[in-house]
>>> print(open('my_file.pdb').read())   # PDB, C-alpha atoms
ATOM      1  CA  MET B   1     -40.312 -15.815  63.601  1.00  0.00           C
ATOM      2  CA  ASN B   2     -39.606 -14.250  60.261  1.00  0.00           C
ATOM      3  CA  ILE B   3     -37.136 -16.071  58.066  1.00  0.00           C
ATOM      4  CA  LYS B   4     -35.724 -14.005  55.249  1.00  0.00           C
ATOM      5  CA  THR B   5     -34.857 -15.760  52.080  1.00  0.00           C
ATOM      6  CA  HIS B   6     -32.202 -13.998  50.073  1.00  0.00           C
ATOM      7  CA  SER B   7     -33.017 -13.296  46.495  1.00  0.00           C
ATOM      8  CA  LYS B   8     -30.359 -14.333  43.989  1.00  0.00           C
ATOM      9  CA  SER B   9     -31.542 -11.834  41.394  1.00  0.00           C
ATOM     10  CA  GLY B  10     -28.950  -9.268  42.560  1.00  0.00           C
ATOM     11  CA  ILE B  11     -26.078 -11.706  42.070  1.00  0.00           C
ATOM     12  CA  PHE B  12     -27.495 -12.787  38.717  1.00  0.00           C
ATOM     13  CA  LEU B  13     -27.608  -9.140  37.541  1.00  0.00           C
ATOM     14  CA  ILE B  14     -23.959  -8.575  38.484  1.00  0.00           C
ATOM     15  CA  GLU B  15     -22.893 -11.777  36.703  1.00  0.00           C
ATOM     16  CA  LEU B  16     -24.830 -10.711  33.621  1.00  0.00           C
ATOM     17  CA  LEU B  17     -23.160  -7.282  33.595  1.00  0.00           C
ATOM     18  CA  ILE B  18     -19.717  -8.881  33.914  1.00  0.00           C
ATOM     19  CA  ILE B  19     -20.422 -11.215  31.005  1.00  0.00           C
ATOM     20  CA  ILE B  20     -21.644  -8.308  28.847  1.00  0.00           C
ATOM     21  CA  ALA B  21     -18.475  -6.342  29.704  1.00  0.00           C
ATOM     22  CA  VAL B  22     -16.261  -9.295  28.750  1.00  0.00           C
ATOM     23  CA  PHE B  23     -18.065  -9.687  25.415  1.00  0.00           C
ATOM     24  CA  ALA B  24     -17.721  -5.936  24.758  1.00  0.00           C
ATOM     25  CA  VAL B  25     -13.959  -6.061  25.360  1.00  0.00           C
ATOM     26  CA  CYS B  26     -13.591  -9.162  23.151  1.00  0.00           C
ATOM     27  CA  SER B  27     -15.579  -7.572  20.323  1.00  0.00           C
ATOM     28  CA  ALA B  28     -13.466  -4.377  20.520  1.00  0.00           C
ATOM     29  CA  ILE B  29     -10.289  -6.449  20.233  1.00  0.00           C
ATOM     30  CA  CYS B  30     -11.711  -8.395  17.280  1.00  0.00           C
ATOM     31  CA  LEU B  31     -12.663  -5.140  15.555  1.00  0.00           C
ATOM     32  CA  GLN B  32      -9.106  -3.833  15.917  1.00  0.00           C
ATOM     33  CA  VAL B  33      -7.679  -7.058  14.491  1.00  0.00           C
ATOM     34  CA  LEU B  34     -10.037  -6.889  11.500  1.00  0.00           C
ATOM     35  CA  THR B  35      -9.071  -3.255  10.854  1.00  0.00           C
ATOM     36  CA  MET B  36      -5.372  -4.153  10.930  1.00  0.00           C
ATOM     37  CA  ALA B  37      -5.992  -7.054   8.535  1.00  0.00           C
ATOM     38  CA  ASP B  38      -7.836  -4.736   6.143  1.00  0.00           C
ATOM     39  CA  ASN B  39      -4.906  -2.284   6.180  1.00  0.00           C
ATOM     40  CA  GLU B  40      -2.484  -5.124   5.453  1.00  0.00           C
ATOM     41  CA  LEU B  41      -4.676  -6.248   2.558  1.00  0.00           C
ATOM     42  CA  LEU B  42      -4.628  -2.762   1.030  1.00  0.00           C
ATOM     43  CA  HIS B  43      -0.845  -2.562   1.466  1.00  0.00           C
ATOM     44  CA  SER B  44      -0.317  -5.939  -0.196  1.00  0.00           C
ATOM     45  CA  GLU B  45      -2.583  -4.965  -3.115  1.00  0.00           C
ATOM     46  CA  LYS B  46      -0.538  -1.791  -3.631  1.00  0.00           C
ATOM     47  CA  LEU B  47       2.682  -3.795  -3.457  1.00  0.00           C
ATOM     48  CA  THR B  48       1.416  -6.205  -6.108  1.00  0.00           C
ATOM     49  CA  THR B  49       0.272  -3.357  -8.367  1.00  0.00           C
ATOM     50  CA  ALA B  50       3.586  -1.531  -7.922  1.00  0.00           C
ATOM     51  CA  THR B  51       5.636  -4.646  -8.647  1.00  0.00           C
ATOM     52  CA  ASN B  52       3.662  -5.464 -11.797  1.00  0.00           C
ATOM     53  CA  ALA B  53       3.943  -1.877 -13.053  1.00  0.00           C
ATOM     54  CA  ALA B  54       7.692  -1.725 -12.426  1.00  0.00           C
ATOM     55  CA  ILE B  55       8.271  -5.049 -14.189  1.00  0.00           C
ATOM     56  CA  ASP B  56       6.144  -3.887 -17.129  1.00  0.00           C
ATOM     57  CA  MET B  57       8.089  -0.633 -17.405  1.00  0.00           C
ATOM     58  CA  ALA B  58      11.426  -2.474 -17.231  1.00  0.00           C
ATOM     59  CA  GLU B  59      10.390  -4.946 -19.938  1.00  0.00           C
ATOM     60  CA  CYS B  60       9.191  -2.122 -22.194  1.00  0.00           C
ATOM     61  CA  PHE B  61      12.501  -0.306 -21.726  1.00  0.00           C
ATOM     62  CA  LYS B  62      14.527  -3.456 -22.453  1.00  0.00           C
ATOM     63  CA  SER B  63      12.526  -4.018 -25.635  1.00  0.00           C
ATOM     64  CA  GLY B  64      13.593  -0.611 -26.967  1.00  0.00           C
ATOM     65  CA  GLU B  65      10.888   1.771 -25.786  1.00  0.00           C
ATOM     66  CA  SER B  66      12.092   5.138 -24.518  1.00  0.00           C
ATOM     67  CA  ALA B  67      11.451   6.364 -20.999  1.00  0.00           C
ATOM     68  CA  ASP B  68       9.399   9.251 -22.413  1.00  0.00           C
ATOM     69  CA  SER B  69       7.005   6.909 -24.220  1.00  0.00           C
ATOM     70  CA  ILE B  70       6.668   4.732 -21.097  1.00  0.00           C
ATOM     71  CA  VAL B  71       5.741   7.817 -19.076  1.00  0.00           C
ATOM     72  CA  GLU B  72       3.262   8.917 -21.764  1.00  0.00           C
ATOM     73  CA  ARG B  73       1.657   5.480 -21.863  1.00  0.00           C
ATOM     74  CA  TYR B  74       1.237   5.317 -18.113  1.00  0.00           C
ATOM     75  CA  MET B  75      -0.065   8.872 -17.950  1.00  0.00           C
ATOM     76  CA  MET B  76      -2.622   8.138 -20.692  1.00  0.00           C
ATOM     77  CA  ASN B  77      -3.672   4.855 -19.064  1.00  0.00           C
ATOM     78  CA  TYR B  78      -3.888   6.445 -15.634  1.00  0.00           C
ATOM     79  CA  ASP B  79      -6.488   4.468 -13.713  1.00  0.00           C
ATOM     80  CA  GLY B  80      -6.172   6.131 -10.337  1.00  0.00           C
ATOM     81  CA  THR B  81      -3.495   3.852  -8.950  1.00  0.00           C
ATOM     82  CA  ILE B  82      -0.333   4.290 -11.063  1.00  0.00           C
ATOM     83  CA  PHE B  83       1.063   7.608 -12.225  1.00  0.00           C
ATOM     84  CA  ALA B  84       4.418   7.636 -14.022  1.00  0.00           C
ATOM     85  CA  THR B  85       6.768  10.590 -14.028  1.00  0.00           C
ATOM     86  CA  GLN B  86      10.272  11.126 -15.305  1.00  0.00           C
ATOM     87  CA  ARG B  87      12.665  12.627 -12.801  1.00  0.00           C
ATOM     88  CA  HIS B  88      15.913  14.264 -13.802  1.00  0.00           C
ATOM     89  CA  SER B  89      17.355  16.085 -10.820  1.00  0.00           C
ATOM     90  CA  GLU B  90      14.429  17.450  -8.834  1.00  0.00           C
ATOM     91  CA  SER B  91      12.519  15.250  -6.458  1.00  0.00           C
ATOM     92  CA  VAL B  92       8.912  14.364  -7.169  1.00  0.00           C
ATOM     93  CA  ASN B  93       6.682  13.902  -4.143  1.00  0.00           C
ATOM     94  CA  PRO B  94       3.244  12.335  -4.463  1.00  0.00           C
ATOM     95  CA  THR B  95       0.580  14.774  -3.372  1.00  0.00           C
ATOM     96  CA  PHE B  96      -2.414  12.421  -3.401  1.00  0.00           C
ATOM     97  CA  ARG B  97      -2.561   9.748  -0.732  1.00  0.00           C
ATOM     98  CA  GLY B  98      -3.136   6.327  -2.180  1.00  0.00           C
ATOM     99  CA  VAL B  99      -1.737   7.216  -5.609  1.00  0.00           C
ATOM    100  CA  ILE B 100       1.333   5.236  -6.584  1.00  0.00           C
ATOM    101  CA  ILE B 101       4.085   7.255  -8.246  1.00  0.00           C
ATOM    102  CA  ALA B 102       6.559   5.583 -10.595  1.00  0.00           C
ATOM    103  CA  GLU B 103       9.723   7.657 -10.979  1.00  0.00           C
ATOM    104  CA  LEU B 104      11.813   6.864 -14.055  1.00  0.00           C
ATOM    105  CA  ILE B 105      15.423   8.013 -14.340  1.00  0.00           C
ATOM    106  CA  GLN B 106      17.265   7.202 -17.554  1.00  0.00           C
ATOM    107  CA  HIS B 107      21.054   7.391 -17.816  1.00  0.00           C
ATOM    108  CA  SER B 108      23.816   5.893 -19.973  1.00  0.00           C
ATOM    109  CA  GLU B 109      27.170   4.498 -19.015  1.00  0.00           C
ATOM    110  CA  ASN B 110      29.764   2.769 -21.232  1.00  0.00           C
ATOM    111  CA  GLY B 111      27.327   2.277 -24.111  1.00  0.00           C
ATOM    112  CA  ILE B 112      24.620   0.780 -21.908  1.00  0.00           C
ATOM    113  CA  ASP B 113      21.337   2.583 -21.240  1.00  0.00           C
ATOM    114  CA  TYR B 114      19.898   2.219 -17.750  1.00  0.00           C
ATOM    115  CA  LEU B 115      16.428   2.987 -16.464  1.00  0.00           C
ATOM    116  CA  ASP B 116      16.018   3.290 -12.699  1.00  0.00           C
ATOM    117  CA  ILE B 117      12.391   2.699 -11.718  1.00  0.00           C
ATOM    118  CA  THR B 118      11.211   3.614  -8.226  1.00  0.00           C
ATOM    119  CA  VAL B 119       7.579   2.928  -7.357  1.00  0.00           C
ATOM    120  CA  LYS B 120       6.265   4.551  -4.177  1.00  0.00           C
ATOM    121  CA  ASP B 121       3.497   6.529  -2.571  1.00  0.00           C
ATOM    122  CA  GLY B 122       3.563   9.039   0.250  1.00  0.00           C
ATOM    123  CA  ASP B 123       4.234   6.422   2.920  1.00  0.00           C
ATOM    124  CA  TYR B 124       6.251   3.602   1.361  1.00  0.00           C
ATOM    125  CA  GLU B 125       8.820   2.903  -1.315  1.00  0.00           C
ATOM    126  CA  TYR B 126       7.427  -0.315  -2.765  1.00  0.00           C
ATOM    127  CA  ILE B 127      10.046  -1.378  -5.268  1.00  0.00           C
ATOM    128  CA  LYS B 128      13.179  -0.037  -6.924  1.00  0.00           C
ATOM    129  CA  ILE B 129      14.646  -1.798  -9.951  1.00  0.00           C
ATOM    130  CA  THR B 130      17.095  -0.981 -12.713  1.00  0.00           C
ATOM    131  CA  ALA B 131      16.610  -2.120 -16.303  1.00  0.00           C
ATOM    132  CA  ALA B 132      19.518  -2.139 -18.757  1.00  0.00           C
ATOM    133  CA  ARG B 133      19.915  -2.445 -22.520  1.00  0.00           C
ATOM    134  CA  LEU B 134      22.612  -1.849 -25.076  1.00  0.00           C
ATOM    135  CA  GLY B 135      22.713   1.790 -26.132  1.00  0.00           C
ATOM    136  CA  GLY B 136      21.617   2.563 -29.597  1.00  0.00           C
TER
END
>>> encode(input="my_file.pdb", output="structure tokens")
Amino acid sequence: MNIKTHSKSGIFLIELLIIIAVFAVCSAICLQVLTMADNELLHSEKLTTATNAAIDMAECFKSGESADSIVERYMMNYDGTIFATQRHSESVNPTFRGVIIAELIQHSENGIDYLDITVKDGDYEYIKITAARLGG
């Protein structure tokens, strides 16, 4: 009489393939999470840069500097992340992705000079503040 013993190598191979598939799915999910975290990091860095630039521009305006000289200073110190422009009536759209545009609009009302500062890029408007000083 022949007694057949069943080999467990077939079951072991299927279990191994299932485990490899589970690890592959888990690693794909982890990769997506890391990519999303990297995008959030870049967005938060841009937000910090935009906020610091807008505050700097507002403080310079309040100390007596004109909007034209602020724009000139930021254009001369252009480091690839902030680019200042003065907008009167036409709209300025950033053409380079990743470059932050600071739009400055100066106006006067009742003897007070105002400077509206909008910092944005092609996707987001990061911050919008208004600085004021006594007209002179």
>>> resolve_selection(input="my_file.pdb", expression="the PyMOL selection byres ((chain B and resi 120-134) around 6)", output="list of chain:residue names")
B:Leu47, B:Ala58, B:Lys62, B:Pro94, B:Ile100, B:Ile101, B:Ile112, B:Asp113, B:Tyr114, B:Leu115, B:Asp116, B:Ile117, B:Thr118, B:Val119, B:Gly135
>>> closest_residue(input="my_file.pdb", among="B:Leu104, B:Ile19, B:Leu42, B:Ala50", to="B:Ile70", atoms="only C-alpha atoms")
B:Leu104
>>> atom_distance(input="my_file.pdb", atom1="atom CA of B:Thr49", atom2="atom CA of B:Ala102")
11.2 Å
>>> residues_around(input="my_file.pdb", residues="B:Glu45", least_positions_apart="5", cutoff="12 Å", atoms="all atoms listed in the file", output="list of chain:residue names")
B:Asp38, B:Asn39, B:Glu40, B:Ala50, B:Thr51, B:Asn52, B:Thr81, B:Gly98, B:Ile100, B:Tyr126
>>> atom_distance(input="my_file.pdb", atom1="atom CA of B:Phe23", atom2="atom CA of B:Met36")
20.0 Å
>>> atom_distance(input="my_file.pdb", atom1="atom CA of B:Lys46", atom2="atom CA of B:Glu72")
21.4 Å
>>> decode(input="my_file.pdb", residues="stretch 16-65 of chain B", atoms="N, CA and C atoms", output="compact mmCIF listing (two decimals), in the first residue's frame")
# COMPACT_ATOMS: atom_id res chain seq x y z
N LEU B 16 3.69 32.81 1.85
CA LEU B 16 4.79 33.75 1.60
C LEU B 16 4.38 34.82 0.60
N LEU B 17 3.68 34.45 -0.45
CA LEU B 17 3.21 35.43 -1.44
C LEU B 17 2.20 36.40 -0.84
N ILE B 18 1.34 35.91 0.03
CA ILE B 18 0.36 36.78 0.69
C ILE B 18 1.08 37.78 1.59
N ILE B 19 2.06 37.32 2.33
CA ILE B 19 2.81 38.22 3.22
C ILE B 19 3.55 39.29 2.40
N ILE B 20 4.15 38.89 1.30
CA ILE B 20 4.86 39.86 0.44
C ILE B 20 3.87 40.88 -0.11
N ALA B 21 2.67 40.45 -0.51
CA ALA B 21 1.66 41.37 -1.03
C ALA B 21 1.22 42.36 0.05
N VAL B 22 1.04 41.88 1.27
CA VAL B 22 0.64 42.77 2.37
C VAL B 22 1.73 43.80 2.64
N PHE B 23 2.99 43.39 2.66
CA PHE B 23 4.09 44.34 2.86
C PHE B 23 4.16 45.34 1.71
N ALA B 24 3.90 44.92 0.49
CA ALA B 24 3.93 45.83 -0.66
C ALA B 24 2.84 46.90 -0.54
N VAL B 25 1.65 46.49 -0.12
CA VAL B 25 0.55 47.45 0.06
C VAL B 25 0.89 48.42 1.20
N CYS B 26 1.41 47.92 2.30
CA CYS B 26 1.77 48.78 3.43
C CYS B 26 2.87 49.77 3.05
N SER B 27 3.85 49.33 2.29
CA SER B 27 4.93 50.25 1.89
C SER B 27 4.41 51.29 0.91
N ALA B 28 3.46 50.95 0.04
CA ALA B 28 2.88 51.95 -0.88
C ALA B 28 2.11 53.00 -0.10
N ILE B 29 1.38 52.59 0.92
CA ILE B 29 0.64 53.54 1.75
C ILE B 29 1.60 54.45 2.50
N CYS B 30 2.66 53.88 3.06
CA CYS B 30 3.66 54.69 3.77
C CYS B 30 4.33 55.69 2.84
N LEU B 31 4.60 55.31 1.61
CA LEU B 31 5.21 56.21 0.64
C LEU B 31 4.29 57.38 0.33
N GLN B 32 2.99 57.11 0.19
CA GLN B 32 2.04 58.20 -0.04
C GLN B 32 1.98 59.15 1.14
N VAL B 33 1.99 58.63 2.34
CA VAL B 33 1.95 59.47 3.54
C VAL B 33 3.20 60.35 3.62
N LEU B 34 4.36 59.78 3.32
CA LEU B 34 5.60 60.57 3.33
C LEU B 34 5.60 61.65 2.26
N THR B 35 5.04 61.37 1.10
CA THR B 35 4.94 62.38 0.04
C THR B 35 4.02 63.52 0.47
N MET B 36 2.89 63.19 1.09
CA MET B 36 1.98 64.22 1.57
C MET B 36 2.65 65.07 2.66
N ALA B 37 3.40 64.45 3.54
CA ALA B 37 4.09 65.18 4.59
C ALA B 37 5.14 66.12 4.00
N ASP B 38 5.83 65.69 2.96
CA ASP B 38 6.82 66.54 2.31
C ASP B 38 6.15 67.75 1.66
N ASN B 39 5.00 67.55 1.03
CA ASN B 39 4.27 68.67 0.44
C ASN B 39 3.81 69.66 1.50
N GLU B 40 3.35 69.15 2.63
CA GLU B 40 2.94 70.03 3.73
C GLU B 40 4.12 70.81 4.29
N LEU B 41 5.29 70.18 4.34
CA LEU B 41 6.49 70.87 4.81
C LEU B 41 6.84 72.02 3.87
N LEU B 42 6.80 71.78 2.57
CA LEU B 42 7.10 72.84 1.61
C LEU B 42 6.09 73.98 1.72
N HIS B 43 4.81 73.64 1.89
CA HIS B 43 3.78 74.67 2.03
C HIS B 43 4.01 75.49 3.29
N SER B 44 4.36 74.86 4.39
CA SER B 44 4.57 75.59 5.63
C SER B 44 5.82 76.47 5.55
N GLU B 45 6.86 76.02 4.84
CA GLU B 45 8.05 76.85 4.65
C GLU B 45 7.71 78.09 3.83
N LYS B 46 6.89 77.92 2.79
CA LYS B 46 6.48 79.08 1.98
C LYS B 46 5.63 80.04 2.81
N LEU B 47 4.76 79.49 3.64
CA LEU B 47 3.92 80.34 4.49
C LEU B 47 4.77 81.15 5.46
N THR B 48 5.77 80.53 6.04
CA THR B 48 6.67 81.24 6.95
C THR B 48 7.45 82.33 6.22
N THR B 49 7.98 82.01 5.05
CA THR B 49 8.72 82.99 4.26
C THR B 49 7.82 84.15 3.87
N ALA B 50 6.60 83.85 3.43
CA ALA B 50 5.66 84.89 3.01
C ALA B 50 5.27 85.79 4.18
N THR B 51 5.03 85.19 5.34
CA THR B 51 4.65 85.97 6.51
C THR B 51 5.79 86.90 6.94
N ASN B 52 7.01 86.38 6.98
CA ASN B 52 8.15 87.21 7.36
C ASN B 52 8.38 88.34 6.36
N ALA B 53 8.22 88.07 5.08
CA ALA B 53 8.41 89.11 4.07
C ALA B 53 7.34 90.19 4.19
N ALA B 54 6.10 89.78 4.39
CA ALA B 54 5.01 90.76 4.51
C ALA B 54 5.19 91.63 5.75
N ILE B 55 5.58 91.04 6.85
CA ILE B 55 5.82 91.81 8.08
C ILE B 55 6.98 92.78 7.88
N ASP B 56 8.04 92.33 7.22
CA ASP B 56 9.18 93.20 6.94
C ASP B 56 8.77 94.37 6.06
N MET B 57 7.99 94.11 5.04
CA MET B 57 7.54 95.19 4.15
C MET B 57 6.65 96.18 4.90
N ALA B 58 5.76 95.67 5.75
CA ALA B 58 4.88 96.55 6.52
C ALA B 58 5.68 97.42 7.49
N GLU B 59 6.66 96.84 8.16
CA GLU B 59 7.48 97.62 9.09
C GLU B 59 8.29 98.68 8.36
N CYS B 60 8.82 98.34 7.20
CA CYS B 60 9.57 99.33 6.41
C CYS B 60 8.67 100.47 5.98
N PHE B 61 7.44 100.16 5.58
CA PHE B 61 6.50 101.20 5.17
C PHE B 61 6.13 102.09 6.35
N LYS B 62 5.89 101.48 7.51
CA LYS B 62 5.52 102.27 8.70
C LYS B 62 6.67 103.15 9.17
N SER B 63 7.90 102.75 8.87
CA SER B 63 9.04 103.57 9.29
C SER B 63 9.34 104.71 8.32
N GLY B 64 8.57 104.80 7.23
CA GLY B 64 8.73 105.94 6.33
C GLY B 64 9.22 105.59 4.94
N GLU B 65 9.55 104.36 4.69
CA GLU B 65 10.04 103.96 3.37
C GLU B 65 8.88 103.92 2.38
